[in-house]
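For reference, target_3.cif (mmCIF, N, CA, C and O atoms):
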data_start
loop_
_atom_site.label_atom_id
_atom_site.label_comp_id
_atom_site.auth_asym_id
_atom_site.auth_seq_id
_atom_site.Cartn_x
_atom_site.Cartn_y
_atom_site.Cartn_z
N MET A 1 -4.83 15.71 -37.51
CA MET A 1 -4.31 15.09 -36.31
C MET A 1 -5.39 14.21 -35.72
O MET A 1 -6.54 14.59 -35.62
N HIS A 2 -5.03 13.02 -35.30
CA HIS A 2 -5.97 12.07 -34.72
C HIS A 2 -5.71 11.98 -33.22
O HIS A 2 -4.62 11.63 -32.79
N LEU A 3 -6.70 12.32 -32.43
CA LEU A 3 -6.57 12.26 -30.97
C LEU A 3 -7.43 11.14 -30.42
O LEU A 3 -8.56 10.95 -30.85
N SER A 4 -6.89 10.41 -29.46
CA SER A 4 -7.65 9.37 -28.79
C SER A 4 -7.85 9.80 -27.35
O SER A 4 -6.89 9.95 -26.60
N THR A 5 -9.10 10.01 -26.95
CA THR A 5 -9.40 10.49 -25.61
C THR A 5 -9.86 9.38 -24.69
O THR A 5 -10.03 9.61 -23.50
N GLY A 6 -10.10 8.20 -25.22
CA GLY A 6 -10.64 7.12 -24.41
C GLY A 6 -12.14 7.16 -24.36
O GLY A 6 -12.78 6.26 -23.85
N HIS A 7 -12.74 8.24 -24.87
CA HIS A 7 -14.20 8.40 -24.86
C HIS A 7 -14.73 8.52 -26.28
O HIS A 7 -15.79 9.05 -26.50
N GLY A 8 -13.97 8.06 -27.25
CA GLY A 8 -14.36 8.21 -28.66
C GLY A 8 -13.31 9.04 -29.36
O GLY A 8 -12.66 9.89 -28.75
N ASP A 9 -13.12 8.83 -30.62
CA ASP A 9 -12.08 9.53 -31.36
C ASP A 9 -12.70 10.66 -32.18
O ASP A 9 -13.86 10.63 -32.54
N TYR A 10 -11.88 11.69 -32.44
CA TYR A 10 -12.33 12.78 -33.28
C TYR A 10 -11.13 13.38 -34.00
O TYR A 10 -10.00 13.19 -33.61
N GLU A 11 -11.40 14.12 -35.04
CA GLU A 11 -10.35 14.76 -35.82
C GLU A 11 -10.23 16.21 -35.39
O GLU A 11 -11.21 16.87 -35.07
N GLN A 12 -8.97 16.71 -35.38
CA GLN A 12 -8.73 18.10 -34.98
C GLN A 12 -7.53 18.62 -35.75
O GLN A 12 -6.62 17.86 -36.08
N GLU A 13 -7.50 19.91 -35.99
CA GLU A 13 -6.35 20.53 -36.65
C GLU A 13 -5.15 20.49 -35.71
O GLU A 13 -5.32 20.55 -34.50
N PRO A 14 -3.92 20.38 -36.25
CA PRO A 14 -2.73 20.40 -35.39
C PRO A 14 -2.66 21.70 -34.60
O PRO A 14 -3.09 22.75 -35.08
N PRO A 15 -2.16 21.67 -33.34
CA PRO A 15 -2.07 22.88 -32.54
C PRO A 15 -1.06 23.85 -33.11
O PRO A 15 -0.25 23.49 -33.96
N GLN A 16 -1.08 25.10 -32.62
CA GLN A 16 -0.12 26.11 -33.04
C GLN A 16 1.29 25.59 -32.81
O GLN A 16 1.57 24.95 -31.82
N GLY A 17 2.20 25.83 -33.69
CA GLY A 17 3.58 25.36 -33.57
C GLY A 17 3.82 24.06 -34.31
O GLY A 17 4.94 23.60 -34.40
N GLY A 18 2.78 23.44 -34.84
CA GLY A 18 2.93 22.26 -35.67
C GLY A 18 3.26 20.97 -34.94
O GLY A 18 3.69 20.02 -35.55
N VAL A 19 3.09 20.90 -33.62
CA VAL A 19 3.38 19.68 -32.88
C VAL A 19 2.23 18.70 -33.07
O VAL A 19 1.08 19.05 -32.93
N ASN A 20 2.57 17.47 -33.40
CA ASN A 20 1.56 16.45 -33.61
C ASN A 20 1.97 15.22 -32.80
O ASN A 20 2.96 14.58 -33.11
N ALA A 21 1.22 14.90 -31.74
CA ALA A 21 1.60 13.77 -30.89
C ALA A 21 0.37 12.94 -30.57
O ALA A 21 -0.70 13.46 -30.33
N ASP A 22 0.55 11.64 -30.62
CA ASP A 22 -0.50 10.71 -30.22
C ASP A 22 0.16 9.74 -29.25
O ASP A 22 0.94 8.89 -29.66
N VAL A 23 -0.12 9.90 -27.95
CA VAL A 23 0.55 9.10 -26.93
C VAL A 23 -0.48 8.32 -26.14
O VAL A 23 -1.46 8.88 -25.67
N MET A 24 -0.26 7.02 -26.01
CA MET A 24 -1.11 6.18 -25.19
C MET A 24 -0.21 5.41 -24.24
O MET A 24 0.76 4.80 -24.68
N VAL A 25 -0.52 5.44 -22.96
CA VAL A 25 0.28 4.74 -21.97
C VAL A 25 -0.66 3.85 -21.16
O VAL A 25 -1.62 4.33 -20.58
N ASP A 26 -0.39 2.55 -21.17
CA ASP A 26 -1.17 1.62 -20.37
C ASP A 26 -0.54 1.55 -18.98
O ASP A 26 0.65 1.29 -18.85
N MET A 27 -1.35 1.79 -17.95
CA MET A 27 -0.87 1.76 -16.57
C MET A 27 -1.73 0.79 -15.78
O MET A 27 -2.95 0.84 -15.86
N PRO A 28 -1.11 -0.08 -14.97
CA PRO A 28 -1.89 -0.98 -14.12
C PRO A 28 -2.58 -0.17 -13.02
O PRO A 28 -2.08 0.88 -12.62
N PRO A 29 -3.73 -0.65 -12.51
CA PRO A 29 -4.46 0.10 -11.49
C PRO A 29 -3.63 0.40 -10.25
O PRO A 29 -3.78 1.45 -9.64
N GLU A 30 -2.71 -0.50 -9.86
CA GLU A 30 -1.94 -0.27 -8.65
C GLU A 30 -0.97 0.90 -8.78
O GLU A 30 -0.48 1.42 -7.79
N ALA A 31 -0.69 1.35 -10.00
CA ALA A 31 0.19 2.49 -10.19
C ALA A 31 -0.42 3.76 -9.62
O ALA A 31 0.29 4.67 -9.20
N TRP A 32 -1.74 3.84 -9.57
CA TRP A 32 -2.42 5.03 -9.06
C TRP A 32 -2.52 5.01 -7.54
O TRP A 32 -2.75 6.05 -6.93
N THR A 33 -2.37 3.86 -6.91
CA THR A 33 -2.49 3.77 -5.46
C THR A 33 -1.18 3.41 -4.78
O THR A 33 -1.11 3.34 -3.57
N GLN A 34 -0.12 3.19 -5.56
CA GLN A 34 1.17 2.79 -4.98
C GLN A 34 1.69 3.91 -4.08
O GLN A 34 1.68 5.08 -4.45
N GLY A 35 2.14 3.52 -2.89
CA GLY A 35 2.68 4.50 -1.96
C GLY A 35 1.63 5.19 -1.11
O GLY A 35 1.95 5.98 -0.25
N GLN A 36 0.38 4.91 -1.36
CA GLN A 36 -0.69 5.51 -0.57
C GLN A 36 -1.11 4.53 0.50
O GLN A 36 -1.19 3.34 0.28
N ASN A 37 -1.36 5.05 1.66
CA ASN A 37 -1.84 4.23 2.75
C ASN A 37 -3.29 4.60 2.98
O ASN A 37 -3.59 5.69 3.42
N ASN A 38 -4.20 3.69 2.65
CA ASN A 38 -5.62 3.97 2.76
C ASN A 38 -6.13 3.86 4.20
O ASN A 38 -7.26 4.19 4.47
N GLN A 39 -5.31 3.36 5.10
CA GLN A 39 -5.70 3.23 6.49
C GLN A 39 -4.95 4.26 7.32
O GLN A 39 -3.82 4.63 7.00
N PRO A 40 -5.56 4.74 8.40
CA PRO A 40 -4.82 5.66 9.26
C PRO A 40 -3.65 4.93 9.90
O PRO A 40 -3.68 3.71 10.09
N PRO A 41 -2.57 5.64 10.23
CA PRO A 41 -1.41 4.97 10.81
C PRO A 41 -1.75 4.36 12.17
O PRO A 41 -2.51 4.92 12.95
N CYS A 42 -1.19 3.21 12.42
CA CYS A 42 -1.43 2.51 13.67
C CYS A 42 -0.42 3.02 14.70
O CYS A 42 0.79 2.89 14.49
N LEU A 43 -0.91 3.56 15.79
CA LEU A 43 -0.01 4.11 16.79
C LEU A 43 0.56 3.04 17.71
O LEU A 43 1.65 3.18 18.23
N ARG A 44 -0.19 1.97 17.95
CA ARG A 44 0.29 0.85 18.77
C ARG A 44 -0.07 -0.43 18.03
O ARG A 44 -1.19 -0.93 18.16
N CYS A 45 0.89 -0.96 17.28
CA CYS A 45 0.60 -2.16 16.51
C CYS A 45 1.88 -2.89 16.17
O CYS A 45 2.97 -2.37 16.33
N CYS A 46 1.73 -4.13 15.72
CA CYS A 46 2.81 -4.93 15.14
C CYS A 46 2.53 -5.01 13.64
O CYS A 46 1.37 -5.00 13.22
N THR A 47 3.58 -5.10 12.85
CA THR A 47 3.41 -5.17 11.39
C THR A 47 3.93 -6.50 10.88
O THR A 47 4.99 -6.97 11.27
N TYR A 48 3.14 -7.11 9.98
CA TYR A 48 3.54 -8.36 9.32
C TYR A 48 2.99 -8.33 7.90
O TYR A 48 1.80 -8.11 7.69
N GLN A 49 3.86 -8.49 6.91
CA GLN A 49 3.51 -8.45 5.49
C GLN A 49 2.69 -7.20 5.14
O GLN A 49 1.63 -7.27 4.53
N ASN A 50 3.19 -6.05 5.56
CA ASN A 50 2.57 -4.74 5.28
C ASN A 50 1.16 -4.59 5.84
O ASN A 50 0.38 -3.80 5.32
N ARG A 51 0.83 -5.35 6.87
CA ARG A 51 -0.47 -5.22 7.52
C ARG A 51 -0.24 -4.94 8.99
O ARG A 51 0.71 -5.45 9.59
N SER A 52 -1.12 -4.16 9.58
CA SER A 52 -1.00 -3.80 10.99
C SER A 52 -1.89 -4.70 11.84
O SER A 52 -3.02 -4.99 11.48
N TYR A 53 -1.35 -5.13 12.98
CA TYR A 53 -2.07 -5.98 13.92
C TYR A 53 -2.02 -5.36 15.31
O TYR A 53 -0.99 -4.83 15.72
N THR A 54 -3.12 -5.45 16.04
CA THR A 54 -3.18 -4.89 17.38
C THR A 54 -2.67 -5.89 18.40
O THR A 54 -2.47 -7.07 18.11
N GLU A 55 -2.48 -5.41 19.62
CA GLU A 55 -1.99 -6.25 20.70
C GLU A 55 -2.90 -7.45 20.91
O GLU A 55 -4.12 -7.33 20.92
N GLY A 56 -2.30 -8.64 21.03
CA GLY A 56 -3.05 -9.87 21.21
C GLY A 56 -3.25 -10.65 19.92
O GLY A 56 -3.61 -11.83 19.96
N SER A 57 -3.02 -10.03 18.78
CA SER A 57 -3.20 -10.73 17.49
C SER A 57 -2.18 -11.85 17.35
O SER A 57 -1.06 -11.76 17.83
N VAL A 58 -2.59 -12.93 16.68
CA VAL A 58 -1.73 -14.09 16.46
C VAL A 58 -1.65 -14.37 14.96
O VAL A 58 -2.67 -14.36 14.28
N VAL A 59 -0.43 -14.59 14.45
CA VAL A 59 -0.23 -14.97 13.05
C VAL A 59 0.64 -16.22 13.02
O VAL A 59 1.39 -16.49 13.96
N LYS A 60 0.54 -16.97 11.95
CA LYS A 60 1.36 -18.17 11.77
C LYS A 60 2.35 -17.89 10.65
O LYS A 60 1.96 -17.58 9.53
N MET A 61 3.64 -17.99 10.99
CA MET A 61 4.69 -17.72 10.01
C MET A 61 5.62 -18.92 9.95
O MET A 61 6.26 -19.26 10.95
N GLU A 62 5.64 -19.60 8.82
CA GLU A 62 6.49 -20.77 8.60
C GLU A 62 6.31 -21.81 9.72
O GLU A 62 7.27 -22.34 10.26
N GLY A 63 5.06 -22.06 10.11
CA GLY A 63 4.74 -23.07 11.10
C GLY A 63 4.90 -22.62 12.54
O GLY A 63 4.68 -23.40 13.46
N VAL A 64 5.29 -21.37 12.77
CA VAL A 64 5.49 -20.84 14.12
C VAL A 64 4.40 -19.82 14.41
O VAL A 64 4.13 -18.94 13.59
N LEU A 65 3.78 -19.92 15.58
CA LEU A 65 2.77 -18.94 15.98
C LEU A 65 3.45 -17.76 16.65
O LEU A 65 4.27 -17.93 17.55
N LEU A 66 3.09 -16.56 16.19
CA LEU A 66 3.61 -15.33 16.77
C LEU A 66 2.46 -14.50 17.31
O LEU A 66 1.40 -14.43 16.68
N GLN A 67 2.66 -13.88 18.46
CA GLN A 67 1.62 -13.04 19.05
C GLN A 67 2.17 -11.63 19.24
O GLN A 67 3.29 -11.45 19.70
N CYS A 68 1.35 -10.66 18.90
CA CYS A 68 1.70 -9.26 19.10
C CYS A 68 1.48 -8.93 20.57
O CYS A 68 0.36 -9.00 21.07
N SER A 69 2.57 -8.63 21.27
CA SER A 69 2.45 -8.36 22.70
C SER A 69 3.46 -7.30 23.13
O SER A 69 4.37 -6.95 22.39
N ARG A 70 3.29 -6.81 24.36
CA ARG A 70 4.16 -5.75 24.89
C ARG A 70 5.58 -6.27 25.13
O ARG A 70 5.77 -7.37 25.61
N ASP A 71 6.52 -5.43 24.81
CA ASP A 71 7.92 -5.73 25.11
C ASP A 71 8.21 -5.18 26.50
O ASP A 71 8.22 -3.97 26.72
N GLU A 72 8.42 -6.07 27.46
CA GLU A 72 8.63 -5.67 28.85
C GLU A 72 9.91 -4.87 29.04
O GLU A 72 10.05 -4.14 30.01
N LYS A 73 10.86 -4.99 28.10
CA LYS A 73 12.15 -4.30 28.22
C LYS A 73 12.16 -2.94 27.54
O LYS A 73 13.18 -2.27 27.53
N SER A 74 11.05 -2.57 26.95
CA SER A 74 11.00 -1.33 26.17
C SER A 74 9.97 -0.37 26.74
O SER A 74 8.92 -0.77 27.21
N TYR A 75 10.30 0.92 26.67
CA TYR A 75 9.38 1.97 27.08
C TYR A 75 9.14 2.87 25.88
O TYR A 75 10.02 3.09 25.07
N GLY A 76 7.95 3.36 25.76
CA GLY A 76 7.64 4.26 24.66
C GLY A 76 6.20 4.11 24.24
O GLY A 76 5.41 3.39 24.86
N THR A 77 5.84 4.80 23.17
CA THR A 77 4.45 4.79 22.73
C THR A 77 4.09 3.56 21.91
O THR A 77 2.93 3.20 21.83
N ASN A 78 5.08 2.92 21.29
CA ASN A 78 4.80 1.71 20.53
C ASN A 78 5.77 0.62 20.97
O ASN A 78 6.76 0.34 20.32
N ASN A 79 5.46 0.00 22.10
CA ASN A 79 6.35 -1.02 22.64
C ASN A 79 5.82 -2.43 22.37
O ASN A 79 5.97 -3.32 23.18
N LEU A 80 5.19 -2.63 21.22
CA LEU A 80 4.68 -3.94 20.85
C LEU A 80 5.66 -4.66 19.93
O LEU A 80 6.28 -4.04 19.06
N ILE A 81 5.81 -5.97 20.15
CA ILE A 81 6.70 -6.79 19.32
C ILE A 81 6.03 -8.13 19.07
O ILE A 81 5.08 -8.51 19.74
N TRP A 82 6.55 -8.86 18.07
CA TRP A 82 6.10 -10.23 17.82
C TRP A 82 6.87 -11.16 18.74
O TRP A 82 8.10 -11.13 18.78
N GLN A 83 6.16 -11.99 19.51
CA GLN A 83 6.78 -12.98 20.39
C GLN A 83 6.24 -14.36 20.02
O GLN A 83 5.07 -14.50 19.69
N THR A 84 7.11 -15.37 20.13
CA THR A 84 6.72 -16.74 19.84
C THR A 84 5.75 -17.25 20.89
O THR A 84 5.97 -17.07 22.09
N VAL A 85 4.66 -17.88 20.44
CA VAL A 85 3.68 -18.47 21.35
C VAL A 85 4.18 -19.85 21.71
O VAL A 85 4.49 -20.67 20.85
N LYS A 86 4.27 -20.13 23.01
CA LYS A 86 4.79 -21.44 23.48
C LYS A 86 3.68 -22.42 23.70
O LYS A 86 2.59 -22.14 24.02
#
Written as structure tokens, how would this file's structure read?
Amino acid sequence: MHLSTGHGDYEQEPPQGGVNADVMVDMPPEAWTQGQNNQPPCLRCCTYQNRSYTEGSVVKMEGVLLQCSRDEKSYGTNNLIWQTVK
């Protein structure tokens, strides 16, 4: 039986039961981090393209400036929204 460990190859007798398998799976690096959030959750923030922005931040989207600011009509722990900068 030929095993590939990624650290050099070696020969070994087949395991008990006669199963002989040689499996190699190529995985992109993002497969190991997909679904993980490496940053702590933002308790008061606006989100744009999977990134968190704090109050006062400005982004440009399709030629329009947006600012992360408080929603005067909303109450709660995260009352920030994107508003158009005039």
Separation of CA of Arg51 (chain A) from atom N of Thr77 (chain A), in Å and rounded to one decimal:
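We find that CA of Arg51 (chain A) and atom N of Thr77 (chain A) lie 19.6 Å from each other.
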Applied to this file, what does the PyMOL selection byres ((chain A and resi 45) around 6) return in terms of residues, put as JSON, numbers by chain?
{"A": [42, 43, 44, 46, 47, 52, 53, 54, 55, 78, 80, 81]}
Given the file above and the PyMOL selection byres ((chain A and resi 85) around 8), which residues are selected, and can you give them as a list in words?
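Selected by the PyMOL selection byres ((chain A and resi 85) around 8) in this file: Val59, Gly63, Val64, Leu65, Leu66, Gln67, Trp82, Gln83, Thr84 and Lys86 of chain A.
From CA of Asn50 (chain A) back to atom O of Glu30 (chain A), the distance works out to 14.8 Å.
Between CA of Gln49 (chain A) and atom N of Met61 (chain A) the separation is 11.0 Å.
In terms of minimum interatomic distance to Gly56 (chain A), A:Ser69 ranks closest within A:Asn79, A:Ser69, A:Pro29, A:Ser74, counting only N, CA, C and O atoms.
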So, with only C-alpha atoms as the atoms that count, which of A:Lys60, A:Gly76, A:Arg70, A:Asp26 lies closest to Tyr48 (chain A)?
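Of A:Lys60, A:Gly76, A:Arg70, A:Asp26, the one nearest Tyr48 (chain A), counting only C-alpha atoms, is A:Lys60.
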